[in-house]
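Source file: start-v1.tsv (TSV, C-alpha atoms and all ligand atoms)
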```tsv
chain	number	residue	atom	x	y	z
Z	1	MET	CA	2.84	-9.65	-6.35
Z	2	LYS	CA	5.77	-7.75	-4.87
Z	3	THR	CA	5.47	-5.98	-1.52
Z	4	ARG	CA	7.86	-5.04	1.28
Z	5	VAL	CA	7.12	-8.50	2.71
Z	6	THR	CA	8.29	-10.42	-0.40
Z	7	GLU	CA	11.41	-8.24	-0.34
Z	8	LEU	CA	12.02	-8.71	3.40
Z	9	LEU	CA	11.71	-12.49	3.22
Z	10	GLY	CA	13.03	-13.14	-0.29
Z	11	VAL	CA	9.95	-15.06	-1.43
Z	12	LYS	CA	7.64	-15.10	-4.45
Z	13	TYR	CA	4.35	-14.59	-2.62
Z	14	PRO	CA	3.74	-12.46	0.53
Z	15	ILE	CA	2.08	-15.33	2.38
Z	16	ILE	CA	3.10	-16.86	5.71
Z	17	GLN	CA	1.57	-20.10	6.92
Z	18	GLY	CA	0.10	-19.88	10.43
Z	19	GLY	CA	2.20	-21.37	13.23
Z	20	MET	CA	-0.46	-23.88	14.23
Z	21	ALA	CA	0.63	-25.89	17.29
Z	22	TRP	CA	0.78	-29.70	16.67
Z	23	VAL	CA	-0.30	-29.08	13.04
Z	24	ALA	CA	2.54	-27.13	11.47
Z	25	GLU	CA	5.43	-29.56	10.99
Z	26	ALA	CA	8.18	-29.99	8.43
Z	27	THR	CA	6.06	-31.54	5.64
Z	28	LEU	CA	3.49	-28.74	5.62
Z	29	ALA	CA	6.05	-25.98	6.19
Z	30	SER	CA	8.33	-27.15	3.37
Z	31	ALA	CA	5.37	-27.52	0.98
Z	32	VAL	CA	4.36	-23.90	1.63
Z	33	SER	CA	7.96	-22.71	1.18
Z	34	ASN	CA	8.44	-24.76	-2.00
Z	35	ALA	CA	5.25	-23.14	-3.35
Z	36	GLY	CA	6.77	-19.67	-2.91
Z	37	GLY	CA	5.36	-18.71	0.50
Z	38	VAL	CA	6.90	-18.92	3.96
Z	39	GLY	CA	6.28	-22.20	5.77
Z	40	LEU	CA	6.46	-22.36	9.56
Z	41	ILE	CA	7.14	-25.11	12.04
Z	42	ALA	CA	5.08	-24.54	15.17
Z	43	GLY	CA	6.96	-24.65	18.45
Z	44	GLY	CA	3.71	-25.10	20.40
Z	45	ASN	CA	4.57	-26.68	23.75
Z	46	ALA	CA	6.98	-29.18	22.18
Z	47	PRO	CA	10.44	-29.83	23.67
Z	48	THR	CA	13.31	-28.15	21.85
Z	49	GLU	CA	14.77	-31.43	20.53
Z	50	VAL	CA	11.48	-32.26	18.76
Z	51	ILE	CA	11.57	-28.92	16.96
Z	52	ARG	CA	15.28	-29.29	16.13
Z	53	LYS	CA	14.42	-32.56	14.32
Z	54	GLU	CA	11.61	-30.86	12.40
Z	55	ILE	CA	13.96	-28.04	11.36
Z	56	LEU	CA	16.53	-30.55	10.06
Z	57	LYS	CA	13.78	-32.42	8.20
Z	58	ALA	CA	12.50	-29.19	6.62
Z	59	LYS	CA	16.04	-28.32	5.55
Z	60	GLU	CA	16.11	-31.65	3.69
Z	61	LEU	CA	12.74	-30.93	2.05
Z	62	THR	CA	13.29	-27.35	0.90
Z	63	ASP	CA	16.06	-24.91	0.08
Z	64	LYS	CA	13.60	-22.01	0.32
Z	65	PRO	CA	13.14	-19.73	3.37
Z	66	PHE	CA	11.08	-21.13	6.24
Z	67	GLY	CA	10.74	-20.36	9.94
Z	68	VAL	CA	9.53	-21.34	13.38
Z	69	ASN	CA	6.65	-19.98	15.46
Z	70	ILE	CA	7.39	-19.63	19.15
Z	71	MET	CA	4.43	-19.67	21.47
Z	72	MET	CA	5.46	-17.42	24.35
Z	73	ILE	CA	3.59	-19.47	26.98
Z	74	SER	CA	5.63	-22.58	26.14
Z	75	PRO	CA	8.10	-23.66	28.85
Z	76	TYR	CA	10.64	-24.08	26.00
Z	77	ALA	CA	10.24	-20.56	24.52
Z	78	ASP	CA	13.74	-19.37	25.63
Z	79	GLU	CA	15.43	-22.51	24.29
Z	80	LEU	CA	13.53	-22.29	21.01
Z	81	ALA	CA	14.56	-18.68	20.51
Z	82	GLN	CA	18.18	-19.81	20.90
Z	83	LEU	CA	17.65	-22.73	18.51
Z	84	VAL	CA	16.18	-20.48	15.81
Z	85	CYS	CA	19.29	-18.29	16.06
Z	86	GLU	CA	21.70	-21.25	16.01
Z	87	GLU	CA	19.98	-22.69	12.94
Z	88	LYS	CA	19.97	-19.23	11.32
Z	89	LEU	CA	16.39	-19.62	10.12
Z	90	ALA	CA	14.95	-17.04	7.74
Z	91	VAL	CA	12.14	-15.95	10.01
Z	92	VAL	CA	10.59	-16.34	13.43
Z	93	THR	CA	7.03	-15.49	14.38
Z	94	THR	CA	5.75	-15.43	17.95
Z	95	GLY	CA	2.30	-15.66	19.53
Z	96	ALA	CA	0.46	-15.59	22.84
Z	97	GLY	CA	2.72	-13.06	24.54
Z	98	ASN	CA	5.37	-10.35	24.33
Z	99	PRO	CA	8.67	-11.53	22.74
Z	100	ALA	CA	10.60	-8.21	23.07
Z	101	LYS	CA	13.34	-9.87	25.17
Z	102	TYR	CA	14.47	-11.93	22.15
Z	103	ALA	CA	14.59	-9.07	19.62
Z	104	ASP	CA	18.34	-8.39	19.91
Z	105	SER	CA	19.37	-12.04	19.53
Z	106	PHE	CA	17.18	-12.43	16.42
Z	107	LYS	CA	18.72	-9.29	14.91
Z	108	THR	CA	22.28	-10.45	15.65
Z	109	ALA	CA	21.59	-13.88	14.07
Z	110	GLY	CA	19.96	-12.29	11.00
Z	111	VAL	CA	16.58	-13.92	11.70
Z	112	LYS	CA	13.65	-11.78	10.57
Z	113	PHE	CA	11.48	-11.15	13.62
Z	114	ILE	CA	7.72	-10.98	13.06
Z	115	PRO	CA	5.54	-11.10	16.20
Z	116	VAL	CA	1.80	-11.75	16.09
Z	117	VAL	CA	-0.06	-8.92	17.83
Z	118	PRO	CA	-3.73	-8.55	18.72
Z	119	SER	CA	-3.71	-4.75	19.30
Z	120	VAL	CA	-2.30	-1.39	18.20
Z	121	ALA	CA	-0.47	-0.92	21.52
Z	122	LEU	CA	1.46	-4.17	21.20
Z	123	ALA	CA	2.21	-3.49	17.50
Z	124	LYS	CA	3.80	-0.15	18.46
Z	125	ARG	CA	5.78	-1.77	21.27
Z	126	MET	CA	7.05	-4.47	18.89
Z	127	GLU	CA	8.08	-1.86	16.32
Z	128	ARG	CA	10.07	-0.02	19.02
Z	129	SER	CA	11.69	-3.35	20.02
Z	130	GLY	CA	13.00	-3.82	16.47
Z	131	ALA	CA	10.41	-6.12	14.84
Z	132	ASP	CA	10.84	-6.35	11.04
Z	133	ALA	CA	7.06	-6.59	10.47
Z	134	VAL	CA	3.99	-7.42	12.55
Z	135	ILE	CA	1.28	-9.99	11.97
Z	136	VAL	CA	-2.02	-8.50	13.07
Z	137	GLU	CA	-4.41	-11.30	13.86
Z	138	GLY	CA	-8.13	-10.65	14.15
Z	139	THR	CA	-10.51	-12.53	16.39
Z	140	GLU	CA	-11.83	-14.47	13.37
Z	141	ALA	CA	-8.67	-16.60	13.54
Z	142	GLY	CA	-8.50	-20.06	15.01
Z	143	GLY	CA	-6.82	-21.05	18.26
Z	144	HIS	CA	-5.78	-18.50	20.87
Z	145	ILE	CA	-7.36	-15.18	19.83
Z	146	GLY	CA	-7.51	-11.46	20.61
Z	147	GLU	CA	-10.68	-9.34	20.80
Z	148	ILE	CA	-10.54	-7.13	17.70
Z	149	THR	CA	-11.66	-8.12	14.21
Z	150	THR	CA	-9.28	-8.27	11.25
Z	151	MET	CA	-11.35	-5.60	9.49
Z	152	CYS	CA	-10.78	-3.14	12.35
Z	153	LEU	CA	-7.26	-4.19	13.35
Z	154	ILE	CA	-5.39	-3.99	10.02
Z	155	PRO	CA	-6.17	-0.32	9.25
Z	156	GLN	CA	-5.59	0.83	12.82
Z	157	VAL	CA	-2.21	-0.91	13.08
Z	158	SER	CA	-1.28	0.25	9.54
Z	159	ASP	CA	-1.85	3.85	10.65
Z	160	ALA	CA	0.17	3.34	13.83
Z	161	VAL	CA	3.39	1.69	12.58
Z	162	GLU	CA	5.89	2.15	9.72
Z	163	ILE	CA	6.97	-1.51	9.44
Z	164	PRO	CA	4.99	-3.79	7.09
Z	165	VAL	CA	1.69	-5.16	8.38
Z	166	ILE	CA	0.76	-8.77	7.68
Z	167	GLY	CA	-2.97	-9.41	8.00
Z	168	ALA	CA	-4.33	-12.57	9.59
Z	169	GLY	CA	-7.65	-14.02	10.66
Z	170	GLY	CA	-10.32	-14.87	8.11
Z	171	ILE	CA	-8.09	-14.87	5.02
Z	172	ALA	CA	-8.49	-18.00	2.91
Z	173	ASP	CA	-8.96	-16.92	-0.72
Z	174	GLY	CA	-8.19	-14.17	-3.24
Z	175	ARG	CA	-11.00	-11.97	-1.95
Z	176	GLY	CA	-9.53	-12.05	1.55
Z	177	ILE	CA	-6.09	-11.13	0.22
Z	178	ALA	CA	-7.50	-8.24	-1.86
Z	179	ALA	CA	-9.58	-6.96	1.06
Z	180	ALA	CA	-6.67	-7.12	3.51
Z	181	MET	CA	-4.51	-5.22	0.98
Z	182	MET	CA	-7.15	-2.48	0.76
Z	183	LEU	CA	-7.00	-2.17	4.56
Z	184	GLY	CA	-3.21	-1.72	4.51
Z	185	ALA	CA	-1.70	-5.21	4.66
Z	186	GLU	CA	1.41	-6.00	2.60
Z	187	GLY	CA	1.46	-9.65	3.58
Z	188	PHE	CA	-0.98	-12.34	4.68
Z	189	GLN	CA	-0.87	-15.09	7.26
Z	190	VAL	CA	-3.09	-18.04	6.42
Z	191	GLY	CA	-3.76	-20.89	8.83
Z	192	THR	CA	-7.17	-22.53	8.49
Z	193	ARG	CA	-6.95	-22.90	4.67
Z	194	PHE	CA	-3.80	-25.00	5.11
Z	195	LEU	CA	-5.61	-27.42	7.44
Z	196	ALA	CA	-7.23	-28.63	4.22
Z	197	ALA	CA	-3.95	-28.85	2.30
Z	198	GLU	CA	-2.93	-32.22	0.89
Z	199	GLU	CA	0.43	-31.97	2.66
Z	200	CYS	CA	-1.16	-31.20	6.05
Z	201	GLN	CA	-0.58	-34.24	8.28
Z	202	ILE	CA	-3.58	-33.87	10.66
Z	203	HIS	CA	-6.06	-36.71	11.28
Z	204	GLN	CA	-8.69	-37.18	8.56
Z	205	ASN	CA	-11.47	-36.40	11.07
Z	206	TYR	CA	-9.95	-32.92	11.55
Z	207	LYS	CA	-9.91	-32.25	7.80
Z	208	GLU	CA	-13.50	-33.45	7.49
Z	209	LEU	CA	-14.68	-31.19	10.31
Z	210	VAL	CA	-13.11	-28.19	8.54
Z	211	LEU	CA	-14.60	-29.19	5.17
Z	212	LYS	CA	-18.08	-29.68	6.67
Z	213	ALA	CA	-18.06	-26.57	8.88
Z	214	LYS	CA	-20.62	-23.81	8.24
Z	215	ASP	CA	-20.13	-20.11	9.00
Z	216	THR	CA	-21.68	-20.52	12.46
Z	217	ASP	CA	-19.81	-23.67	13.41
Z	218	SER	CA	-17.03	-22.17	15.49
Z	219	ALA	CA	-17.06	-21.84	19.26
Z	220	VAL	CA	-14.97	-19.70	21.60
Z	221	THR	CA	-14.14	-21.20	24.97
Z	222	GLY	CA	-12.20	-20.01	28.02
Z	223	ARG	CA	-13.30	-16.38	28.11
Z	224	LEU	CA	-16.00	-16.79	30.80
Z	225	VAL	CA	-13.55	-18.34	33.28
Z	226	GLY	CA	-10.98	-15.60	32.64
Z	227	LEU	CA	-8.57	-17.63	30.49
Z	228	SER	CA	-7.38	-16.59	27.05
Z	229	PRO	CA	-10.16	-17.40	24.58
Z	230	VAL	CA	-9.64	-20.21	22.07
Z	231	ARG	CA	-11.63	-20.72	18.85
Z	232	SER	CA	-12.33	-24.25	17.63
Z	233	VAL	CA	-14.85	-26.05	15.45
Z	234	LYS	CA	-18.03	-26.74	17.47
Z	235	ASN	CA	-18.31	-30.33	18.61
Z	236	ARG	CA	-19.46	-32.27	21.66
Z	237	TYR	CA	-16.27	-31.24	23.48
Z	238	THR	CA	-16.76	-27.46	22.96
Z	239	LYS	CA	-20.44	-27.84	23.96
Z	240	LYS	CA	-19.36	-29.50	27.19
Z	241	LEU	CA	-16.78	-26.76	27.87
Z	242	VAL	CA	-19.33	-23.99	27.24
Z	243	GLU	CA	-21.80	-25.63	29.63
Z	244	LEU	CA	-19.14	-26.01	32.33
Z	245	GLU	CA	-18.04	-22.40	31.89
Z	246	LYS	CA	-21.61	-21.23	32.40
Z	247	SER	CA	-21.97	-23.43	35.48
Z	248	GLY	CA	-19.20	-21.50	37.25
Z	249	ILE	CA	-16.28	-23.92	37.01
Z	250	THR	CA	-12.93	-22.42	38.14
Z	251	ALA	CA	-10.19	-21.47	35.67
Z	252	GLU	CA	-7.94	-24.18	37.09
Z	253	GLU	CA	-10.57	-26.92	36.72
Z	254	PHE	CA	-11.28	-25.68	33.20
Z	255	GLU	CA	-7.60	-25.70	32.25
Z	256	ASN	CA	-7.20	-29.26	33.54
Z	257	LEU	CA	-9.97	-30.34	31.16
Z	258	THR	CA	-8.24	-28.77	28.16
Z	259	VAL	CA	-4.73	-30.20	28.65
Z	260	GLY	CA	-3.89	-32.44	25.70
Z	261	SER	CA	-7.10	-31.66	23.81
Z	262	LEU	CA	-5.32	-30.23	20.75
Z	263	ARG	CA	-3.09	-33.29	20.46
Z	264	LYS	CA	-6.18	-35.50	20.73
Z	265	ALA	CA	-7.70	-33.63	17.78
Z	266	VAL	CA	-4.63	-33.52	15.54
Z	267	GLN	CA	-3.23	-37.01	16.13
Z	268	ASP	CA	-6.20	-39.12	17.24
Z	269	GLY	CA	-9.09	-37.32	15.52
Z	270	ASN	CA	-10.90	-37.72	18.86
Z	271	LEU	CA	-14.30	-36.11	18.30
Z	272	GLU	CA	-15.31	-36.47	21.98
Z	273	GLU	CA	-12.29	-34.88	23.67
Z	274	GLY	CA	-10.41	-33.10	20.88
Z	275	SER	CA	-10.07	-29.34	20.40
Z	276	PHE	CA	-10.23	-28.85	16.61
Z	277	MET	CA	-8.90	-25.30	16.41
Z	278	ALA	CA	-9.90	-23.44	13.24
Z	279	GLY	CA	-10.94	-19.94	12.21
Z	280	GLN	CA	-14.39	-18.65	11.25
Z	281	ILE	CA	-13.43	-18.89	7.57
Z	282	ALA	CA	-13.58	-22.72	7.79
Z	283	GLY	CA	-17.18	-22.39	6.52
Z	284	MET	CA	-15.79	-21.37	3.12
Z	285	ILE	CA	-13.36	-24.25	2.72
Z	286	HIS	CA	-14.73	-27.21	0.76
Z	287	ASP	CA	-11.78	-28.94	-0.89
Z	288	VAL	CA	-8.39	-30.48	-0.16
Z	289	LYS	CA	-5.63	-29.30	-2.50
Z	290	PRO	CA	-1.83	-29.11	-2.57
Z	291	CYS	CA	-0.31	-25.98	-0.99
Z	292	LYS	CA	0.99	-24.87	-4.39
Z	293	GLU	CA	-2.53	-24.81	-5.87
Z	294	ILE	CA	-3.97	-23.08	-2.81
Z	295	ILE	CA	-1.37	-20.30	-2.95
Z	296	GLU	CA	-1.35	-19.82	-6.72
Z	297	GLU	CA	-5.13	-19.66	-6.88
Z	298	MET	CA	-5.27	-17.14	-4.02
Z	299	PHE	CA	-2.86	-14.72	-5.65
Z	300	HIS	CA	-4.23	-15.23	-9.16
Z	301	ASP	CA	-7.74	-14.43	-7.90
Z	302	ALA	CA	-6.61	-11.47	-5.77
Z	303	GLU	CA	-4.71	-9.86	-8.63
Z	304	ASN	CA	-7.53	-10.51	-11.09
Z	305	LEU	CA	-10.05	-8.99	-8.67
Z	306	ILE	CA	-7.98	-5.88	-8.08
Z	307	LYS	CA	-7.11	-5.35	-11.75
Z	308	ASN	CA	-10.60	-6.08	-13.12
Z	309	PHE	CA	-12.66	-4.93	-10.15
Z	310	GLU	CA	-15.26	-2.90	-12.07
Z	311	LYS	CA	-16.02	-5.69	-14.52
Z	312	ILE	CA	-16.03	-8.53	-11.95
Z	313	ARG	CA	-18.19	-6.73	-9.38
Z	314	GLY	CA	-20.33	-4.80	-11.89
Z	315	VAL	CA	-19.28	-1.48	-10.39
Z	316	THR	CA	-18.50	1.73	-12.26
Z	317	LEU	CA	-15.97	3.95	-10.54
Z	318	GLY	CA	-15.81	7.73	-10.93
S	401	LIG	O1	-0.92	-17.79	19.36
S	401	LIG	C1	-1.81	-17.75	18.56
S	401	LIG	N1	-2.64	-18.79	18.36
S	401	LIG	C2	-2.60	-19.98	19.04
S	401	LIG	S1	-1.48	-20.47	20.20
S	401	LIG	C3	-2.28	-21.91	20.39
S	401	LIG	S2	-1.80	-23.14	21.51
S	401	LIG	C4	-2.82	-22.77	22.81
S	401	LIG	N2	-3.61	-23.74	23.22
S	401	LIG	C5	-4.43	-23.55	24.24
S	401	LIG	C6	-4.49	-22.34	24.91
S	401	LIG	C7	-3.70	-21.31	24.50
S	401	LIG	C8	-2.85	-21.53	23.43
S	401	LIG	C9	-3.33	-21.98	19.56
S	401	LIG	N3	-3.48	-20.90	18.81
S	401	LIG	N4	-2.04	-16.66	17.80
S	401	LIG	C10	-1.26	-15.49	17.91
S	401	LIG	C11	-1.80	-14.61	18.94
S	401	LIG	N5	-1.06	-13.97	19.78
S	401	LIG	N6	-3.09	-14.32	19.16
S	401	LIG	C12	-3.12	-13.44	20.21
S	401	LIG	C13	-1.81	-13.23	20.58
S	401	LIG	C14	-1.25	-12.41	21.60
S	401	LIG	C15	-1.91	-12.19	22.80
S	401	LIG	C16	-1.31	-11.40	23.77
S	401	LIG	C17	0.00	-11.86	21.38
S	401	LIG	C18	0.59	-11.09	22.33
S	401	LIG	C19	-0.07	-10.86	23.53
S	401	LIG	O2	0.60	-10.10	24.40
S	401	LIG	C20	0.06	-9.75	25.64
S	401	LIG	C21	1.16	-9.07	26.38
S	401	LIG	O3	1.18	-7.83	26.35
S	401	LIG	O4	2.03	-9.78	26.89
```
What is this structure when it is put down as structure tokens?
Amino acid sequence: MKTRVTELLGVKYPIIQGGMAWVAEATLASAVSNAGGVGLIAGGNAPTEVIRKEILKAKELTDKPFGVNIMMISPYADELAQLVCEEKLAVVTTGAGNPAKYADSFKTAGVKFIPVVPSVALAKRMERSGADAVIVEGTEAGGHIGEITTMCLIPQVSDAVEIPVIGAGGIADGRGIAAAMMLGAEGFQVGTRFLAAEECQIHQNYKELVLKAKDTDSAVTGRLVGLSPVRSVKNRYTKKLVELEKSGITAEEFENLTVGSLRKAVQDGNLEEGSFMAGQIAGMIHDVKPCKEIIEEMFHDAENLIKNFEKIRGVTLG
């Protein structure tokens, strides 16, 4: 499949791995890149030196393009932006804020700049700032989320900008790719599916939660206290947070309870105090496979579905 995104990034498949904080490190990122997609190392809240090491490790593991995701609310965001330019990475994605101030340095360093946006307004602003493409992430996604669904966001952003649109949120198989293409996407960001990749280094408890999850097993926390909403797999911890939110806890008290909870999920598999971030599509994921198989199957199925739509769906067109 060739689109403006494969051309822009010089890759075989128009797929970018989500920049999942604590999860997306060099092993996962290089596996995605070696499979023909674009792997990402997540900056999260990690100090710059930690990410520099991951970049060097990924450079050992792949000679294909990969990138870094910068979370704008990280205290190290400015330093990371500089690091990405120094290391002349192929691509940078950003999340959880407006990265316009970095656009010129990315351009000068030749780093493709692809911000994640949750709305048409921000997509237009990013295009004016010089973004090479935008990732439009629907509220189905895991982690820190916007309000609009992928189904509604992709076509509205596609109508509003000229740069390529990369769809995200709820895409985990060939059907999701085909559907997002119909809505206007020329590329796809996939996060949750890669939680169940063989090369993904998260705790086994995390993988099992994703594999066991049903459609209704995700919870959104933080919204009631006025913080940015976060989607995770329901567990005792999210139940406790939801109860506290309803009881009128302050945003500050709530935030104190969530510090470190993602690390506890990813590294310790702590089912009591861990925040196991994942998207709504976790309910559809039932097996652990290598990144290469995940990606090849997705694009094989998407192309087959599009080419043989009438036969596969039993529809007669025209
Ligand atoms: O960033 C994400 N997903 C994330 S970040 C993360 S770590 C975290 N942990 C706890 C609390 C908060 C974060 C886990 N998952 N996705 C991309 C994304 N970006 N979704 C929504 C946005 C976004 C929101 C507002 C992007 C820009 C934005 O700009 C507002 C403005 O105008 O400044």
- Message: Could you list, as a ChimeraX atom specification, all protein and nucleic acid residues with an atom at most 6 Å from ligand LIG 401 (chain S), counting all atoms listed in the file?
- Response: /Z:21,44,95-98,116-118,143-146
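Among the candidates Z:Thr62, Z:Asn304, Z:Ser74, Z:Asn34, the residue lying nearest to Ile177 (chain Z) is Z:Asn304 (atoms considered: only C-alpha atoms).
Here the question is which of Z:Glu253, Z:Gly283, Z:Arg263, Z:Leu227 gets nearest to Ala46 (chain Z) using all atoms listed in the file, and that residue is Z:Arg263.
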- Item | Atomic distance CA of Ala121 (chain Z) - CA of Met181 (chain Z), expressed in Å with one decimal |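 Atom-to-atom, CA of Ala121 (chain Z) and CA of Met181 (chain Z) are spaced 21.4 Å apart.
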- Task: For CA of Tyr76 (chain Z) and CA of Gly260 (chain Z), determine how far apart the two atoms are, in Å to one decimal place.
- Result: 16.8 Å
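You will find CA of Ala141 (chain Z) at 23.9 Å from CA of Ile51 (chain Z).
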- Which polymer residues, protein or nucleic acid, are no farther than 12 Å from (-5.5, -2.9, -0.2), counting only C-alpha atoms, as a ChimeraX atom specification? /Z:3,151,154-155,158,165-167,174-188,302-303,305-307
- Item | Nearest residue to Glu293 (chain Z) from the set Z:Leu61, Z:Leu80, Z:Ala278, Z:Ala196 (distances using all atoms listed in the file) |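 Looking only at the distances to Glu293 (chain Z), the closest residue turns out to be Z:Ala196.
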- Item | Selected residue, from Z:Ile202, Z:Leu195, Z:Met72, Z:Ala160, that lies nearest to Pro290 (chain Z) when counting only C-alpha atoms |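 Comparing Z:Ile202, Z:Leu195, Z:Met72, Z:Ala160 against Pro290 (chain Z), the winner is Z:Leu195.
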- For each of Z:Met126, Z:Cys85, Z:Lys53, Z:Asp217, take the minimum atom-to-atom distance to Gly110 (chain Z), counting all atoms listed in the file, then give the residue where this is smallest.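 Using all atoms listed in the file, Gly110 (chain Z) sits closest to Z:Cys85.
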- Message: Here is a test: counting only C-alpha atoms, which residue of Z:Leu89, Z:Met1, Z:Val242, Z:Asp104 is nearest to Arg52 (chain Z)?
- Response: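 For Arg52 (chain Z), the nearest of the candidates is Z:Leu89.
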- Counting all atoms listed in the file, select every polymer residue within 12 Å of (8.0, -18.0, 4.6) as defined in the file's coordinates, and provide the selection as a PyMOL selection string. chain Z and resi 5-19+28-41+62-69+89-93+111-114+187-190
